[in-house]
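A quick write-up on the structure given underneath.
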Amino acid sequence: MKKKDNRPGAKPRAGQEPRQRNSVKPAKQNDAAPRGRNVDHVRPSASSAAKPSRPAVRDNTTAKVKIAPPDVEQVPPRPLKQRTGVLPAERVPVILESMGAGDFHLIDTGNGLKLEQYGQYRIVRPEAQALWRPSLPDRVWENADSIFSGDTDEDGMGRWRFPKAPLEETWPLSLLGVNFLGRFTAFRHVGVFPEQIVHWEWLKHTIEASDRPLKVLNLFGYTGVASLVAAAAGAEVTHVDASKKAIGWARENQALAGLENAPIRWICEDAMKFILREERRGNSYDIILTDPPKFGRGTHGEVWELFDHLPLMLDVCRDILSPKALGLVLTAYSIRASFYSMHELMRETMRGAGGEVASGELVIREAGLDGKTPGRVLSTSLFSRWVPK
């Protein structure tokens, strides 16, 4: 007779119904888009497609809402530019590792799951790359406050189960001195990707060490943690995301962080359209962060396919880097590719610009229950970063 599997996320045997005690269905009103997606969950109707609504942009200096100019026509993609000159120096492979980030640490992994501490809550979520067995006993996993079940795809929908007691939809978190909200979304994410702290620490240090005001562009900015870190460090920030719900969440985070008067422009728009318009206008940025999804749709149904559109996006990003630019950072999640594909694309994009391109993986190391006991490493995403020498 087979032993019953009581582990979180275990699949029921034939004829056995899964228990859904204290389960909650995905929220419809407050869920932001899945991480990094260039998507607005509210599809335009036929009438609104003919006359797209104008995204509202908050101007923090006047406390008024600006209406962006209408963008009815589809912006024709420009051809890739033929770059000449010497390729930038390279540094590969680079593994950027973190073991904790503010109120977060990775407790344990295994059996296709990960056990994490986010502030006051211990949560269990799917993790396809955790091919090994967990290090900690079952009783530790069973003591989780919340467990995500459902579609295990990165952007798949599901539901949260609260084994102990129902929890509030949001709760406070902090990272690099910036306060923000965690939230149980239908897409298993909670509003922050703590492995990115290695980029955010670099961003914070670069801004604070600069002898001049810097302009930062955050594409596919999601809930705005990177934007708030940059603004808190003293930069002028432009945050772009096609999800109205993600922008709304980011504005909540701005208020919680006490940065209501920080110079941040919140732009709800298709990322590619935005940077093409910035290129035509001659606008530039000192640092650009871009975290594109593998697939998504913009505010007016624009289609994004990473392997088709990333070369042009990086090409345009190069053209809107300022003459004294300090960095271009690319991260890519959940794609079947080697970091070398990102690396060589970044080097070709920055051909003739000098500097160095470092590429590899972002990883998180298990830290145990106490947050201080090193364990195995979990890979989370690919990255490539250009900096001037």
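Every chain in the structure tokens has a letter given in the order shown (A, B, ...), and although residue numbers restart at 1 in each chain, ligands are simply numbered from 1 in the order shown.
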Leaving out Gly102 (chain A) and any residue of its chain fewer than 4 positions from it, which residues lie within 9 Å of it when counting only C-alpha atoms, given as a ChimeraX atom specification?
-> /A:119,173-177,194
Nearby residues (only C-alpha atoms) at most 9 Å from Lys294 (chain A), same-chain spacing under 2 positions excluded, as a ChimeraX atom specification | /A:36-37,292,296,304-307,332-335
Record the distance separating CA of Gly150 (chain A) and CA of Asp138 (chain A), expressed in Å with one decimal.
-> 20.7 Å
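Nearest residue to Gly224 (chain A) among A:Thr373, A:Ser243, A:Ser146, A:Gln254 is A:Gln254, counting only C-alpha atoms.
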DSSP on the backbone: what in region 127-267 of chain A comes out alpha helix (DSSP H), as a short mmCIF file (atom, residue, chain, number, x, y, z; two decimals) with all heavy atoms, in the first residue's frame?
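Saved to part04.cif:
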```cif
data_model
loop_
_atom_site.label_atom_id
_atom_site.label_comp_id
_atom_site.auth_asym_id
_atom_site.auth_seq_id
_atom_site.Cartn_x
_atom_site.Cartn_y
_atom_site.Cartn_z
N ASP A 138 9.31 17.35 6.24
CA ASP A 138 7.96 17.68 5.80
C ASP A 138 7.27 18.67 6.72
O ASP A 138 6.53 19.55 6.27
CB ASP A 138 7.11 16.42 5.69
CG ASP A 138 7.53 15.53 4.53
OD1 ASP A 138 8.48 15.90 3.82
OD2 ASP A 138 6.91 14.48 4.33
N ARG A 139 7.47 18.53 8.04
CA ARG A 139 6.76 19.37 9.00
C ARG A 139 7.07 20.85 8.79
O ARG A 139 6.23 21.71 9.07
CB ARG A 139 7.09 18.95 10.43
CG ARG A 139 8.58 19.00 10.78
CD ARG A 139 8.85 18.57 12.20
NE ARG A 139 10.27 18.46 12.47
CZ ARG A 139 11.07 19.48 12.70
NH1 ARG A 139 10.57 20.72 12.70
NH2 ARG A 139 12.36 19.29 12.93
N VAL A 140 8.28 21.16 8.30
CA VAL A 140 8.63 22.56 8.04
C VAL A 140 7.81 23.09 6.87
O VAL A 140 7.24 24.19 6.92
CB VAL A 140 10.14 22.71 7.75
CG1 VAL A 140 10.47 24.14 7.36
CG2 VAL A 140 10.95 22.28 8.97
N TRP A 141 7.72 22.31 5.80
CA TRP A 141 6.94 22.71 4.63
C TRP A 141 5.46 22.80 4.96
O TRP A 141 4.76 23.70 4.48
CB TRP A 141 7.15 21.70 3.49
CG TRP A 141 8.49 21.78 2.84
CD1 TRP A 141 9.68 21.36 3.35
CD2 TRP A 141 8.79 22.31 1.55
NE1 TRP A 141 10.70 21.58 2.46
CE2 TRP A 141 10.18 22.16 1.34
CE3 TRP A 141 8.02 22.88 0.55
CZ2 TRP A 141 10.80 22.57 0.17
CZ3 TRP A 141 8.63 23.28 -0.63
CH2 TRP A 141 10.02 23.13 -0.81
N ILE A 197 17.94 41.90 -6.74
CA ILE A 197 18.63 42.81 -5.83
C ILE A 197 20.07 43.04 -6.27
O ILE A 197 20.63 44.11 -6.02
CB ILE A 197 18.58 42.29 -4.37
CG1 ILE A 197 19.03 43.40 -3.41
CG2 ILE A 197 19.40 41.03 -4.21
CD1 ILE A 197 18.85 43.07 -1.95
N VAL A 198 20.67 42.07 -6.95
CA VAL A 198 22.06 42.26 -7.40
C VAL A 198 22.14 43.39 -8.42
O VAL A 198 23.12 44.14 -8.46
CB VAL A 198 22.65 40.96 -7.96
CG1 VAL A 198 22.86 39.93 -6.86
CG2 VAL A 198 21.74 40.37 -9.05
N HIS A 199 21.11 43.52 -9.27
CA HIS A 199 21.07 44.65 -10.21
C HIS A 199 20.68 45.93 -9.49
O HIS A 199 21.20 47.01 -9.79
CB HIS A 199 20.06 44.38 -11.33
CG HIS A 199 20.49 43.34 -12.32
ND1 HIS A 199 21.80 43.22 -12.77
CD2 HIS A 199 19.79 42.36 -12.96
CE1 HIS A 199 21.88 42.24 -13.64
NE2 HIS A 199 20.68 41.70 -13.76
N TRP A 200 19.76 45.83 -8.54
CA TRP A 200 19.28 47.02 -7.85
C TRP A 200 20.35 47.62 -6.94
O TRP A 200 20.43 48.83 -6.79
CB TRP A 200 18.01 46.70 -7.07
CG TRP A 200 16.89 46.26 -7.95
CD1 TRP A 200 16.78 46.47 -9.31
CD2 TRP A 200 15.73 45.52 -7.58
NE1 TRP A 200 15.63 45.91 -9.79
CE2 TRP A 200 14.96 45.33 -8.76
CE3 TRP A 200 15.25 45.01 -6.37
CZ2 TRP A 200 13.74 44.63 -8.74
CZ3 TRP A 200 14.04 44.32 -6.36
CH2 TRP A 200 13.30 44.14 -7.54
N GLU A 201 21.19 46.76 -6.35
CA GLU A 201 22.32 47.26 -5.55
C GLU A 201 23.30 48.00 -6.45
O GLU A 201 23.82 49.07 -6.09
CB GLU A 201 23.01 46.11 -4.83
CG GLU A 201 22.22 45.57 -3.66
CD GLU A 201 22.85 44.34 -3.04
OE1 GLU A 201 23.57 43.61 -3.77
OE2 GLU A 201 22.64 44.09 -1.84
N TRP A 202 23.56 47.42 -7.65
CA TRP A 202 24.42 48.11 -8.62
C TRP A 202 23.80 49.44 -9.02
O TRP A 202 24.49 50.47 -9.11
CB TRP A 202 24.62 47.22 -9.84
CG TRP A 202 25.23 47.94 -11.01
CD1 TRP A 202 26.55 48.18 -11.24
CD2 TRP A 202 24.50 48.57 -12.10
NE1 TRP A 202 26.70 48.91 -12.40
CE2 TRP A 202 25.47 49.16 -12.94
CE3 TRP A 202 23.16 48.67 -12.42
CZ2 TRP A 202 25.11 49.84 -14.10
CZ3 TRP A 202 22.80 49.35 -13.58
CH2 TRP A 202 23.76 49.92 -14.40
N LEU A 203 22.51 49.45 -9.29
CA LEU A 203 21.78 50.66 -9.69
C LEU A 203 21.89 51.72 -8.60
O LEU A 203 22.22 52.89 -8.88
CB LEU A 203 20.32 50.30 -9.95
CG LEU A 203 19.35 51.42 -10.30
CD1 LEU A 203 19.70 52.01 -11.67
CD2 LEU A 203 17.92 50.90 -10.30
N LYS A 204 21.61 51.35 -7.38
CA LYS A 204 21.65 52.29 -6.25
C LYS A 204 23.06 52.87 -6.08
O LYS A 204 23.22 54.09 -5.95
CB LYS A 204 21.22 51.56 -4.97
CG LYS A 204 21.14 52.41 -3.71
CD LYS A 204 20.60 51.57 -2.55
CE LYS A 204 20.37 52.43 -1.30
NZ LYS A 204 21.61 52.89 -0.69
N HIS A 205 24.06 52.02 -6.11
CA HIS A 205 25.45 52.49 -5.95
C HIS A 205 25.85 53.41 -7.09
O HIS A 205 26.48 54.46 -6.86
CB HIS A 205 26.39 51.29 -5.89
CG HIS A 205 27.84 51.68 -5.93
ND1 HIS A 205 28.51 52.20 -4.84
CD2 HIS A 205 28.76 51.65 -6.94
CE1 HIS A 205 29.75 52.47 -5.16
NE2 HIS A 205 29.94 52.15 -6.42
N THR A 206 25.48 53.06 -8.32
CA THR A 206 25.85 53.87 -9.49
C THR A 206 25.23 55.26 -9.41
O THR A 206 25.89 56.27 -9.69
CB THR A 206 25.42 53.17 -10.79
OG1 THR A 206 26.03 51.88 -10.86
CG2 THR A 206 25.81 53.98 -12.01
N ILE A 207 23.98 55.33 -9.00
CA ILE A 207 23.29 56.62 -8.90
C ILE A 207 23.90 57.46 -7.79
O ILE A 207 24.19 58.65 -7.97
CB ILE A 207 21.79 56.41 -8.66
CG1 ILE A 207 21.14 55.75 -9.88
CG2 ILE A 207 21.10 57.74 -8.35
CD1 ILE A 207 19.74 55.25 -9.63
N GLU A 208 24.12 56.86 -6.64
CA GLU A 208 24.65 57.60 -5.49
C GLU A 208 26.09 58.04 -5.71
O GLU A 208 26.52 59.08 -5.18
CB GLU A 208 24.55 56.75 -4.23
CG GLU A 208 23.11 56.51 -3.78
CD GLU A 208 22.99 55.61 -2.57
OE1 GLU A 208 23.96 54.89 -2.27
OE2 GLU A 208 21.93 55.61 -1.93
N ALA A 209 26.85 57.28 -6.50
CA ALA A 209 28.26 57.62 -6.74
C ALA A 209 28.44 58.64 -7.87
O ALA A 209 29.54 59.17 -8.06
CB ALA A 209 29.05 56.35 -7.07
N VAL A 225 9.38 48.36 -7.92
CA VAL A 225 10.38 48.34 -6.86
C VAL A 225 11.71 48.91 -7.36
O VAL A 225 12.34 49.74 -6.69
CB VAL A 225 10.58 46.92 -6.29
CG1 VAL A 225 11.66 46.92 -5.21
CG2 VAL A 225 9.27 46.39 -5.72
N ALA A 226 12.14 48.51 -8.55
CA ALA A 226 13.39 49.05 -9.11
C ALA A 226 13.29 50.55 -9.32
O ALA A 226 14.25 51.29 -9.06
CB ALA A 226 13.73 48.36 -10.43
N SER A 227 12.14 51.02 -9.79
CA SER A 227 11.94 52.45 -10.00
C SER A 227 12.05 53.22 -8.68
O SER A 227 12.63 54.31 -8.62
CB SER A 227 10.57 52.71 -10.64
OG SER A 227 10.50 52.11 -11.92
N LEU A 228 11.49 52.65 -7.62
CA LEU A 228 11.54 53.32 -6.31
C LEU A 228 12.94 53.30 -5.74
O LEU A 228 13.38 54.27 -5.11
CB LEU A 228 10.55 52.64 -5.36
CG LEU A 228 9.08 52.76 -5.77
CD1 LEU A 228 8.19 51.96 -4.82
CD2 LEU A 228 8.63 54.22 -5.81
N VAL A 229 13.67 52.20 -5.94
CA VAL A 229 15.07 52.16 -5.49
C VAL A 229 15.88 53.24 -6.18
O VAL A 229 16.68 53.95 -5.55
CB VAL A 229 15.69 50.76 -5.76
CG1 VAL A 229 17.20 50.78 -5.58
CG2 VAL A 229 15.07 49.72 -4.83
N ALA A 230 15.68 53.40 -7.50
CA ALA A 230 16.40 54.41 -8.27
C ALA A 230 16.02 55.82 -7.82
O ALA A 230 16.88 56.69 -7.65
CB ALA A 230 16.12 54.24 -9.76
N ALA A 231 14.73 56.05 -7.61
CA ALA A 231 14.27 57.38 -7.19
C ALA A 231 14.78 57.72 -5.79
O ALA A 231 15.19 58.85 -5.53
CB ALA A 231 12.75 57.44 -7.23
N ALA A 232 14.76 56.74 -4.89
CA ALA A 232 15.24 56.96 -3.53
C ALA A 232 16.72 57.30 -3.52
O ALA A 232 17.21 58.02 -2.64
CB ALA A 232 14.96 55.74 -2.66
N LYS A 244 -2.36 48.39 -16.59
CA LYS A 244 -2.90 49.43 -15.72
C LYS A 244 -2.87 48.99 -14.26
O LYS A 244 -2.63 49.80 -13.36
CB LYS A 244 -4.33 49.76 -16.13
CG LYS A 244 -4.46 50.39 -17.51
CD LYS A 244 -5.92 50.62 -17.87
CE LYS A 244 -6.06 51.18 -19.28
NZ LYS A 244 -7.48 51.35 -19.66
N LYS A 245 -3.10 47.70 -14.04
CA LYS A 245 -3.13 47.20 -12.67
C LYS A 245 -1.73 47.22 -12.06
O LYS A 245 -1.57 47.54 -10.88
CB LYS A 245 -3.72 45.79 -12.66
CG LYS A 245 -5.19 45.77 -13.03
CD LYS A 245 -5.74 44.36 -13.15
CE LYS A 245 -7.19 44.39 -13.62
NZ LYS A 245 -7.73 43.03 -13.81
N ALA A 246 -0.72 46.89 -12.84
CA ALA A 246 0.65 46.94 -12.33
C ALA A 246 1.04 48.39 -12.02
O ALA A 246 1.69 48.65 -11.00
CB ALA A 246 1.62 46.34 -13.35
N ILE A 247 0.66 49.32 -12.88
CA ILE A 247 0.95 50.73 -12.62
C ILE A 247 0.24 51.19 -11.34
O ILE A 247 0.81 51.90 -10.51
CB ILE A 247 0.50 51.61 -13.81
CG1 ILE A 247 1.35 51.32 -15.05
CG2 ILE A 247 0.57 53.10 -13.44
CD1 ILE A 247 2.76 51.88 -15.02
N GLY A 248 -1.01 50.75 -11.16
CA GLY A 248 -1.73 51.10 -9.94
C GLY A 248 -1.04 50.57 -8.70
O GLY A 248 -0.94 51.27 -7.68
N TRP A 249 -0.57 49.35 -8.78
CA TRP A 249 0.17 48.74 -7.66
C TRP A 249 1.45 49.52 -7.39
O TRP A 249 1.82 49.78 -6.24
CB TRP A 249 0.46 47.29 -8.02
CG TRP A 249 1.03 46.42 -6.94
CD1 TRP A 249 1.57 46.80 -5.74
CD2 TRP A 249 1.14 45.00 -6.99
NE1 TRP A 249 2.00 45.70 -5.05
CE2 TRP A 249 1.74 44.59 -5.80
CE3 TRP A 249 0.79 44.05 -7.94
CZ2 TRP A 249 2.02 43.23 -5.53
CZ3 TRP A 249 1.05 42.71 -7.67
CH2 TRP A 249 1.65 42.31 -6.48
N ALA A 250 2.15 49.89 -8.46
CA ALA A 250 3.38 50.67 -8.31
C ALA A 250 3.12 52.01 -7.62
O ALA A 250 3.92 52.47 -6.80
CB ALA A 250 4.02 50.89 -9.68
N ARG A 251 1.99 52.64 -7.95
CA ARG A 251 1.65 53.90 -7.29
C ARG A 251 1.35 53.70 -5.81
O ARG A 251 1.66 54.55 -4.97
CB ARG A 251 0.44 54.55 -8.00
CG ARG A 251 0.69 54.95 -9.46
CD ARG A 251 1.82 55.96 -9.59
NE ARG A 251 1.53 57.18 -8.86
CZ ARG A 251 0.91 58.23 -9.38
NH1 ARG A 251 0.51 58.20 -10.63
NH2 ARG A 251 0.72 59.31 -8.67
N GLU A 252 0.71 52.57 -5.48
CA GLU A 252 0.51 52.23 -4.06
C GLU A 252 1.86 52.09 -3.36
O GLU A 252 2.05 52.57 -2.24
CB GLU A 252 -0.25 50.91 -3.93
CG GLU A 252 -1.71 50.94 -4.29
CD GLU A 252 -2.36 49.59 -4.05
OE1 GLU A 252 -2.65 49.26 -2.87
OE2 GLU A 252 -2.54 48.83 -5.03
N ASN A 253 2.80 51.42 -4.02
CA ASN A 253 4.13 51.24 -3.45
C ASN A 253 4.84 52.57 -3.26
O ASN A 253 5.56 52.78 -2.28
CB ASN A 253 4.97 50.32 -4.34
CG ASN A 253 4.52 48.87 -4.27
OD1 ASN A 253 3.86 48.45 -3.32
ND2 ASN A 253 4.86 48.10 -5.29
N GLN A 254 4.66 53.48 -4.22
CA GLN A 254 5.27 54.81 -4.12
C GLN A 254 4.79 55.52 -2.85
O GLN A 254 5.58 56.12 -2.11
CB GLN A 254 4.94 55.64 -5.35
CG GLN A 254 5.56 57.03 -5.33
CD GLN A 254 5.13 57.87 -6.53
OE1 GLN A 254 4.10 57.60 -7.15
NE2 GLN A 254 5.92 58.88 -6.86
N ALA A 255 3.48 55.44 -2.59
CA ALA A 255 2.93 56.09 -1.39
C ALA A 255 3.45 55.42 -0.12
O ALA A 255 3.83 56.10 0.84
CB ALA A 255 1.41 56.04 -1.43
N LEU A 256 3.50 54.09 -0.12
CA LEU A 256 3.98 53.37 1.06
C LEU A 256 5.44 53.68 1.34
O LEU A 256 5.87 53.75 2.50
CB LEU A 256 3.79 51.86 0.87
CG LEU A 256 4.06 50.97 2.09
CD1 LEU A 256 3.06 51.29 3.21
CD2 LEU A 256 3.97 49.50 1.71
#
```
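Every protein or nucleic acid residue with an atom no more than 10 Å from region 339-343 of chain A, counting only C-alpha atoms and leaving out same-chain residues fewer than 5 positions away, appears here: Glu90, Arg91, Val92, Pro93, Val94, Leu310, Pro311, Leu330, Thr331, Ala332, Glu348, Thr349, Val357, Ala358, Ser359, Gly360, Glu361, Ser381, Leu382, Phe383, Ser384, Arg385 and Trp386 of chain A.
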Any chance you can output those residues with N, CA, C and O atoms as a PDB file, in the first residue's frame?
```pdb
ATOM      1  N   GLU A  90      34.306  41.437 -22.971  1.00  0.00           N
ATOM      2  CA  GLU A  90      33.291  40.541 -22.436  1.00  0.00           C
ATOM      3  C   GLU A  90      33.753  39.851 -21.160  1.00  0.00           C
ATOM      4  O   GLU A  90      34.950  39.655 -20.940  1.00  0.00           O
ATOM      5  N   ARG A  91      32.766  39.503 -20.337  1.00  0.00           N
ATOM      6  CA  ARG A  91      33.027  38.763 -19.099  1.00  0.00           C
ATOM      7  C   ARG A  91      31.931  37.711 -18.970  1.00  0.00           C
ATOM      8  O   ARG A  91      30.782  38.025 -18.705  1.00  0.00           O
ATOM      9  N   VAL A  92      32.314  36.452 -19.200  1.00  0.00           N
ATOM     10  CA  VAL A  92      31.359  35.337 -19.140  1.00  0.00           C
ATOM     11  C   VAL A  92      32.067  34.085 -18.621  1.00  0.00           C
ATOM     12  O   VAL A  92      33.275  33.939 -18.822  1.00  0.00           O
ATOM     13  N   PRO A  93      31.327  33.174 -18.038  1.00  0.00           N
ATOM     14  CA  PRO A  93      29.980  33.388 -17.509  1.00  0.00           C
ATOM     15  C   PRO A  93      30.056  34.100 -16.159  1.00  0.00           C
ATOM     16  O   PRO A  93      31.016  33.910 -15.404  1.00  0.00           O
ATOM     17  N   VAL A  94      29.072  34.905 -15.876  1.00  0.00           N
ATOM     18  CA  VAL A  94      29.003  35.617 -14.604  1.00  0.00           C
ATOM     19  C   VAL A  94      27.778  35.114 -13.842  1.00  0.00           C
ATOM     20  O   VAL A  94      26.672  35.129 -14.380  1.00  0.00           O
ATOM     21  N   LEU A 310      13.230  41.368 -29.534  1.00  0.00           N
ATOM     22  CA  LEU A 310      14.301  41.826 -28.640  1.00  0.00           C
ATOM     23  C   LEU A 310      15.445  42.518 -29.374  1.00  0.00           C
ATOM     24  O   LEU A 310      15.955  43.542 -28.890  1.00  0.00           O
ATOM     25  N   PRO A 311      15.910  42.028 -30.532  1.00  0.00           N
ATOM     26  CA  PRO A 311      17.003  42.733 -31.216  1.00  0.00           C
ATOM     27  C   PRO A 311      16.680  44.199 -31.495  1.00  0.00           C
ATOM     28  O   PRO A 311      17.512  45.080 -31.256  1.00  0.00           O
ATOM     29  N   LEU A 330      19.658  43.940 -19.187  1.00  0.00           N
ATOM     30  CA  LEU A 330      18.620  43.084 -19.731  1.00  0.00           C
ATOM     31  C   LEU A 330      18.490  41.841 -18.857  1.00  0.00           C
ATOM     32  O   LEU A 330      19.490  41.213 -18.511  1.00  0.00           O
ATOM     33  N   THR A 331      17.255  41.485 -18.480  1.00  0.00           N
ATOM     34  CA  THR A 331      17.007  40.200 -17.837  1.00  0.00           C
ATOM     35  C   THR A 331      15.940  39.471 -18.639  1.00  0.00           C
ATOM     36  O   THR A 331      15.075  40.083 -19.264  1.00  0.00           O
ATOM     37  N   ALA A 332      16.001  38.139 -18.625  1.00  0.00           N
ATOM     38  CA  ALA A 332      15.048  37.328 -19.380  1.00  0.00           C
ATOM     39  C   ALA A 332      14.695  36.098 -18.556  1.00  0.00           C
ATOM     40  O   ALA A 332      15.576  35.322 -18.173  1.00  0.00           O
ATOM     41  N   GLU A 348      26.741  42.742 -29.904  1.00  0.00           N
ATOM     42  CA  GLU A 348      26.510  43.277 -31.246  1.00  0.00           C
ATOM     43  C   GLU A 348      25.790  44.619 -31.186  1.00  0.00           C
ATOM     44  O   GLU A 348      26.093  45.536 -31.939  1.00  0.00           O
ATOM     45  N   THR A 349      24.819  44.725 -30.272  1.00  0.00           N
ATOM     46  CA  THR A 349      24.080  45.977 -30.112  1.00  0.00           C
ATOM     47  C   THR A 349      25.004  47.117 -29.714  1.00  0.00           C
ATOM     48  O   THR A 349      24.875  48.245 -30.193  1.00  0.00           O
ATOM     49  N   VAL A 357      30.589  43.981 -21.629  1.00  0.00           N
ATOM     50  CA  VAL A 357      29.331  43.264 -21.459  1.00  0.00           C
ATOM     51  C   VAL A 357      29.578  42.045 -20.589  1.00  0.00           C
ATOM     52  O   VAL A 357      30.422  41.194 -20.915  1.00  0.00           O
ATOM     53  N   ALA A 358      28.871  41.978 -19.465  1.00  0.00           N
ATOM     54  CA  ALA A 358      28.928  40.827 -18.571  1.00  0.00           C
ATOM     55  C   ALA A 358      27.594  40.107 -18.640  1.00  0.00           C
ATOM     56  O   ALA A 358      26.538  40.738 -18.559  1.00  0.00           O
ATOM     57  N   SER A 359      27.622  38.791 -18.798  1.00  0.00           N
ATOM     58  CA  SER A 359      26.382  38.031 -18.956  1.00  0.00           C
ATOM     59  C   SER A 359      26.472  36.718 -18.205  1.00  0.00           C
ATOM     60  O   SER A 359      27.560  36.177 -17.991  1.00  0.00           O
ATOM     61  N   GLY A 360      25.302  36.219 -17.824  1.00  0.00           N
ATOM     62  CA  GLY A 360      25.255  34.953 -17.108  1.00  0.00           C
ATOM     63  C   GLY A 360      23.885  34.706 -16.530  1.00  0.00           C
ATOM     64  O   GLY A 360      22.876  34.900 -17.202  1.00  0.00           O
ATOM     65  N   GLU A 361      23.852  34.303 -15.265  1.00  0.00           N
ATOM     66  CA  GLU A 361      22.592  33.965 -14.611  1.00  0.00           C
ATOM     67  C   GLU A 361      22.466  34.666 -13.272  1.00  0.00           C
ATOM     68  O   GLU A 361      23.464  34.917 -12.588  1.00  0.00           O
ATOM     69  N   SER A 381      17.066  33.436 -13.636  1.00  0.00           N
ATOM     70  CA  SER A 381      16.916  34.115 -14.929  1.00  0.00           C
ATOM     71  C   SER A 381      18.272  34.318 -15.581  1.00  0.00           C
ATOM     72  O   SER A 381      19.322  34.200 -14.945  1.00  0.00           O
ATOM     73  N   LEU A 382      18.213  34.652 -16.865  1.00  0.00           N
ATOM     74  CA  LEU A 382      19.409  35.038 -17.619  1.00  0.00           C
ATOM     75  C   LEU A 382      19.544  36.553 -17.560  1.00  0.00           C
ATOM     76  O   LEU A 382      18.552  37.278 -17.392  1.00  0.00           O
ATOM     77  N   PHE A 383      20.764  37.041 -17.711  1.00  0.00           N
ATOM     78  CA  PHE A 383      20.947  38.496 -17.751  1.00  0.00           C
ATOM     79  C   PHE A 383      22.129  38.844 -18.622  1.00  0.00           C
ATOM     80  O   PHE A 383      23.030  38.034 -18.873  1.00  0.00           O
ATOM     81  N   SER A 384      22.126  40.104 -19.084  1.00  0.00           N
ATOM     82  CA  SER A 384      23.269  40.669 -19.775  1.00  0.00           C
ATOM     83  C   SER A 384      23.327  42.151 -19.412  1.00  0.00           C
ATOM     84  O   SER A 384      22.283  42.834 -19.442  1.00  0.00           O
ATOM     85  N   ARG A 385      24.512  42.636 -19.079  1.00  0.00           N
ATOM     86  CA  ARG A 385      24.632  44.033 -18.630  1.00  0.00           C
ATOM     87  C   ARG A 385      25.840  44.687 -19.284  1.00  0.00           C
ATOM     88  O   ARG A 385      26.970  44.217 -19.154  1.00  0.00           O
ATOM     89  N   TRP A 386      25.548  45.790 -19.994  1.00  0.00           N
ATOM     90  CA  TRP A 386      26.636  46.606 -20.561  1.00  0.00           C
ATOM     91  C   TRP A 386      26.912  47.781 -19.660  1.00  0.00           C
ATOM     92  O   TRP A 386      25.982  48.454 -19.175  1.00  0.00           O
TER      93      TRP A 386
END
```
